[in-house]
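Undergrad: Quick one: the structure is below, and I'll ask about it shortly.
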Amino acid sequence: MKESRHQVPGVRRWVAALSLVVATGCVDKEKCGEAVRVTREALAKEQPDLARQWRERAWKICNDPSTTSTLDKEIIGKEAELAKRAADLQKQIADAAQQRMNTATAVWMGFDKLEVSERTMERLTQHQAKAESMGEGLPAEYAQQLTAYNTKEFVRRRGAAQAAAVKK
């Protein structure tokens, strides 16, 4: 068959070679194996974004749906594991912050249980320092909430402490 003048010479050979590669599967077994290996290494290092990039490369090189579908399952599984771990960690942090808030509340209630004559500014500042120490080591958002709470509680009790100091 004669090539038309609009076709680039050799295109038929290139198409035939590409068809042969597609029919036989893997373009380059060594590079395919490397792409699969690096994909799994990225997953082991908990880098699913990098694993997805290498999975795309594996898809292009390997041309084997069973290989890439296995990698897809592994990537999805790792992403789910990482998401669950992150959610669990957030819950632990929130629970710890709530425990600290509860402890700060107990500190303020301890001040309220003092005899009126003992509710001095000195005792109030001691209770404030103890309540504020509950914010140490917390993430900023929780520490700010605790600081706001402690400030409100301090201001609420300051008037009574000042009045008790005047009576002495």
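Identifiers for the structure tokens are assigned positionally: chains receive A, B, ... in sequence, residues are indexed from 1 per chain, and ligands are indexed from 1 in the order shown.
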Using only C-alpha atoms, which residues sit within 12 Å of Glu132 in chain A once same-chain residues fewer than 5 positions away are excluded, as a PyMOL selection string?
TA: chain A and resi 100-101+103-105+107-108+125-127+137-138+143-154
Undergrad: Only N, CA and C atoms, please: the residues just picked out, written as a short mmCIF file (atom, residue, chain, number, x, y, z; two decimals), in the first residue's frame.
TA:
data_model
loop_
_atom_site.label_atom_id
_atom_site.label_comp_id
_atom_site.auth_asym_id
_atom_site.auth_seq_id
_atom_site.Cartn_x
_atom_site.Cartn_y
_atom_site.Cartn_z
N ARG A 100 -7.90 19.20 80.69
CA ARG A 100 -7.24 20.38 81.25
C ARG A 100 -8.26 21.45 81.62
N MET A 101 -9.28 21.62 80.78
CA MET A 101 -10.34 22.59 81.06
C MET A 101 -11.08 22.19 82.33
N THR A 103 -9.86 20.46 84.80
CA THR A 103 -8.96 20.71 85.93
C THR A 103 -8.94 22.18 86.29
N ALA A 104 -8.91 23.06 85.29
CA ALA A 104 -8.95 24.50 85.54
C ALA A 104 -10.26 24.87 86.24
N THR A 105 -11.35 24.28 85.82
CA THR A 105 -12.65 24.53 86.48
C THR A 105 -12.58 24.10 87.94
N VAL A 107 -9.96 24.05 89.79
CA VAL A 107 -9.12 25.04 90.50
C VAL A 107 -9.97 26.24 90.90
N TRP A 108 -10.78 26.75 89.97
CA TRP A 108 -11.63 27.91 90.28
C TRP A 108 -12.70 27.55 91.32
N THR A 125 -4.57 35.12 92.80
CA THR A 125 -3.48 35.03 91.81
C THR A 125 -2.81 33.66 91.85
N GLN A 126 -2.76 33.04 93.03
CA GLN A 126 -2.22 31.67 93.11
C GLN A 126 -3.11 30.70 92.33
N HIS A 127 -4.41 30.84 92.52
CA HIS A 127 -5.34 29.97 91.80
C HIS A 127 -5.28 30.25 90.29
N GLY A 137 1.66 23.32 76.89
CA GLY A 137 1.80 22.13 76.05
C GLY A 137 0.60 21.83 75.16
N LEU A 138 -0.47 22.60 75.30
CA LEU A 138 -1.62 22.38 74.43
C LEU A 138 -1.42 23.08 73.09
N ALA A 143 -5.14 26.21 73.85
CA ALA A 143 -4.51 27.07 74.86
C ALA A 143 -5.21 28.42 74.91
N GLN A 144 -5.57 28.96 73.75
CA GLN A 144 -6.27 30.24 73.70
C GLN A 144 -7.65 30.15 74.35
N GLN A 145 -8.35 29.06 74.11
CA GLN A 145 -9.66 28.87 74.73
C GLN A 145 -9.53 28.81 76.25
N LEU A 146 -8.52 28.09 76.71
CA LEU A 146 -8.30 27.96 78.15
C LEU A 146 -7.89 29.30 78.76
N THR A 147 -7.07 30.06 78.06
CA THR A 147 -6.66 31.38 78.55
C THR A 147 -7.88 32.30 78.66
N ALA A 148 -8.74 32.28 77.65
CA ALA A 148 -9.95 33.11 77.68
C ALA A 148 -10.85 32.71 78.85
N TYR A 149 -10.99 31.43 79.08
CA TYR A 149 -11.80 30.93 80.19
C TYR A 149 -11.21 31.39 81.52
N ASN A 150 -9.89 31.21 81.68
CA ASN A 150 -9.24 31.60 82.94
C ASN A 150 -9.33 33.10 83.18
N THR A 151 -9.20 33.89 82.14
CA THR A 151 -9.32 35.34 82.28
C THR A 151 -10.72 35.71 82.76
N LYS A 152 -11.71 35.11 82.14
CA LYS A 152 -13.11 35.37 82.53
C LYS A 152 -13.35 34.99 84.00
N GLU A 153 -12.85 33.84 84.40
CA GLU A 153 -13.04 33.38 85.78
C GLU A 153 -12.29 34.28 86.76
N PHE A 154 -11.10 34.72 86.40
CA PHE A 154 -10.33 35.61 87.27
C PHE A 154 -11.08 36.93 87.47
#
Undergrad: Find the residues around range 30-32 of chain A up to 9 Å (only C-alpha atoms counted), leave out those fewer than 3 positions away in its own chain, and share them as JSON, numbers by chain.
TA: {"A": [26, 27, 35, 36, 37, 57, 58, 59, 60, 61, 62, 63]}
Undergrad: Write a file of the just-selected residues containing C-alpha atoms, as a short mmCIF file (atom, residue, chain, number, x, y, z; two decimals), in the first residue's frame.
TA:
data_model
loop_
_atom_site.label_atom_id
_atom_site.label_comp_id
_atom_site.auth_asym_id
_atom_site.auth_seq_id
_atom_site.Cartn_x
_atom_site.Cartn_y
_atom_site.Cartn_z
CA CYS A 26 5.01 -4.26 29.92
CA VAL A 27 6.97 -1.65 28.00
CA ALA A 35 8.00 2.03 39.52
CA VAL A 36 6.10 -0.60 41.53
CA ARG A 37 8.93 -0.85 44.07
CA ARG A 57 4.34 6.13 36.17
CA ALA A 58 3.81 2.41 36.74
CA TRP A 59 0.55 2.59 34.79
CA LYS A 60 2.32 4.22 31.85
CA ILE A 61 5.29 1.85 31.89
CA CYS A 62 3.76 -1.46 32.93
CA ASN A 63 0.53 -1.34 30.95
#
Undergrad: Hey, which of A:Ala42, A:Ala97, A:Met134, A:Ala140 ends up closest to Glu74 in chain A? Count only C-alpha atoms.
TA: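 Closest candidate: A:Ala42.
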Undergrad: So which residues touch Leu71 in chain A within 9 Å, counting only C-alpha atoms, skipping near sequence neighbours fewer than 6 positions away, as a list in words?
TA: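 Counting only the stated atoms, we get Val36, Thr39, Arg40, Ala51, Arg52 and Arg55 of chain A.
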Undergrad: Using only C-alpha atoms, which residue out of A:Trp54, A:Ala131, A:Glu46, A:Phe111 lies closest to Arg85 in chain A?
TA: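 Of all the options, A:Glu46 lies closest to Arg85 in chain A.
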Undergrad: Go through A:Gly159, A:Asp72, A:Thr67, A:Gly135 one by one, measure the shortest atom-to-atom distance of each to Gln53 in chain A using only C-alpha atoms, and give the residue with the smallest value.
TA: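 Among the listed residues, A:Asp72 lies closest to Gln53 in chain A.
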